[in-house]
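Undergrad: Below is a structure I'd like to ask you about.
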Amino acid sequence: MRRSAAFGTAALTAVLALTSCSSPSTGATDTDSRPSPAESSAEASAEATTTPAQPADFAGTAHVTDVDNYTFDITYSYRTTGVRRDTSNDKPGFSSAVIGTDAELTVTNTTSGRTLSFEPVSGIVAPFGDPQLQVLAYFNPGRAVCSLETVNSFLATKEKPRAGCTVQLNFARPATTLSAGGKDTPKVFAGLQSGQGDAGVAAVPDAQWAAVEAELRAPDNFLIAYVGADTDRFKNYLCSEKMSKLTPFVVSAKPGCVNLNPSAVRQPKSSR
């Protein structure tokens, strides 16, 4: 896929389609300890509701062109390694969903004969002001994740069903300059740059746990966002002009725009 156009205020993003897989069935029980048909039915029902979906994988290369015709590739691979329930930092009746991830990003300067650069945010001390690539899970409108107060905490209730939401999974700090043909594979960290060290969502009500866990294991899409002082050089694929100014994205692996709320997600506290 290749995208190039007039670019507005945005963060660099790749949206990745997801294929869900079925869970393997369990093995047979020993004849002497085989439960009654009623017990077997109950156990099978419990197994069906608690067996997690298989992790989703995505990988590929996004070809990026900015407003000045600089070009670069972002090669990515990502795997969800599981969702863990953690109650240590939540009040009774709530849990944190901690997402395990395995991600790698490589940036390659494909601009012939020219050095590629990304601009740090002025006035913010390094490394917090350094340019970032952020990996996010995207959830379609109406998903249980998008209804959580910790995801859409400052959004009017009436707006929640109309747009999807994101949960940041990882971030990396690419090199601020790359010579022509140069490559950089920065270290990928879990969670947010604030240093919490866990990806996921805090304060999930017990009544919504099963639905939220299933969605976090198999999001509808993935995004790779660029954040820096120079985000206005990239294109935005958000549907709403108002949203575009708040949450910009540039590279879409799916046709059409991203229907997204400007949501602030409260990540789970690290209990490791």
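Residue names in the structure tokens use chain letters A, B, ... in the order shown, residue numbers from 1 in each chain, and ligand numbers from 1 in the order shown.
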Segment 107-186 of chain A near segment 85-98 of chain A within 12 Å: what's each residue's closest atom pair and its distance in Å to one decimal, counting only C-alpha atoms, ordered by chain then ascending residue number, as CSV?
TA:
residue,atom,partner,partner_atom,distance
A:Val145,CA,A:Ala97,CA,10.7
A:Leu148,CA,A:Phe94,CA,11.4
A:Glu149,CA,A:Phe94,CA,11.9
A:Thr150,CA,A:Ser96,CA,10.5
A:Val167,CA,A:Val98,CA,11.3
A:Gln168,CA,A:Val98,CA,11.6
A:Leu169,CA,A:Val98,CA,9.8
Undergrad: Show which residues sit within 8 Å of Thr185 of chain A, as a ChimeraX atom specification. Count only C-alpha atoms, and ignore same-chain residues fewer than 2 positions away.
TA: /A:104-107,174,183,187
Undergrad: Restricting the output to N, CA, C and O atoms, write the selected residues as a CSV table (one decimal), in the first residue's frame.
TA:
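Listing of again02.csv after writing:
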chain,number,residue,atom,x,y,z
A,104,GLU,N,7.6,-5.0,17.0
A,104,GLU,CA,8.8,-4.5,16.4
A,104,GLU,C,8.5,-3.6,15.3
A,104,GLU,O,7.6,-3.8,14.5
A,105,LEU,N,9.3,-2.4,15.3
A,105,LEU,CA,9.1,-1.4,14.2
A,105,LEU,C,10.4,-1.1,13.7
A,105,LEU,O,11.4,-1.0,14.4
A,106,THR,N,10.5,-0.9,12.3
A,106,THR,CA,11.7,-0.4,11.7
A,106,THR,C,11.4,0.7,10.7
A,106,THR,O,10.4,0.6,9.9
A,107,VAL,N,12.1,1.8,10.8
A,107,VAL,CA,11.9,3.0,10.0
A,107,VAL,C,13.1,3.0,9.0
A,107,VAL,O,14.2,2.9,9.4
A,174,PRO,N,11.9,6.7,17.5
A,174,PRO,CA,12.8,6.5,16.4
A,174,PRO,C,13.9,7.5,16.4
A,174,PRO,O,13.8,8.6,17.0
A,183,LYS,N,18.4,2.9,8.2
A,183,LYS,CA,17.4,2.1,8.9
A,183,LYS,C,17.5,2.3,10.4
A,183,LYS,O,18.7,2.4,10.9
A,187,LYS,N,13.9,0.5,20.2
A,187,LYS,CA,13.3,-0.4,21.2
A,187,LYS,C,11.8,0.0,21.4
A,187,LYS,O,11.4,1.1,21.4
Undergrad: Report the distance between atom CA of Ser117 of chain A and atom CA of Val227 of chain A in Å, rounded to one decimal place.
TA: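 For atom CA of Ser117 of chain A relative to atom CA of Val227 of chain A, the distance reads 13.1 Å.
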Undergrad: Leaving out Gln132 of chain A and any residue of its chain fewer than 6 positions from it, which residues lie within 12 Å of it when counting only C-alpha atoms, given as number ranges by chain?
TA: A: 11-13, 105, 107, 118-121, 126, 170-176, 186-189, 192-193, 224-231
Undergrad: Which is closest to Val212 of chain A among A:Asn261, A:Gln267, A:Ser147, A:Gln134, if we use only C-alpha atoms?
TA: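 Ranking A:Asn261, A:Gln267, A:Ser147, A:Gln134 by distance to Val212 of chain A, first place goes to A:Ser147.
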Undergrad: Rounded to one decimal, what separation in Å do you get between atom CA of Arg79 of chain A and atom CA of Ala62 of chain A?
TA: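 About the pair atom CA of Arg79 of chain A and atom CA of Ala62 of chain A: they are 17.2 Å apart.
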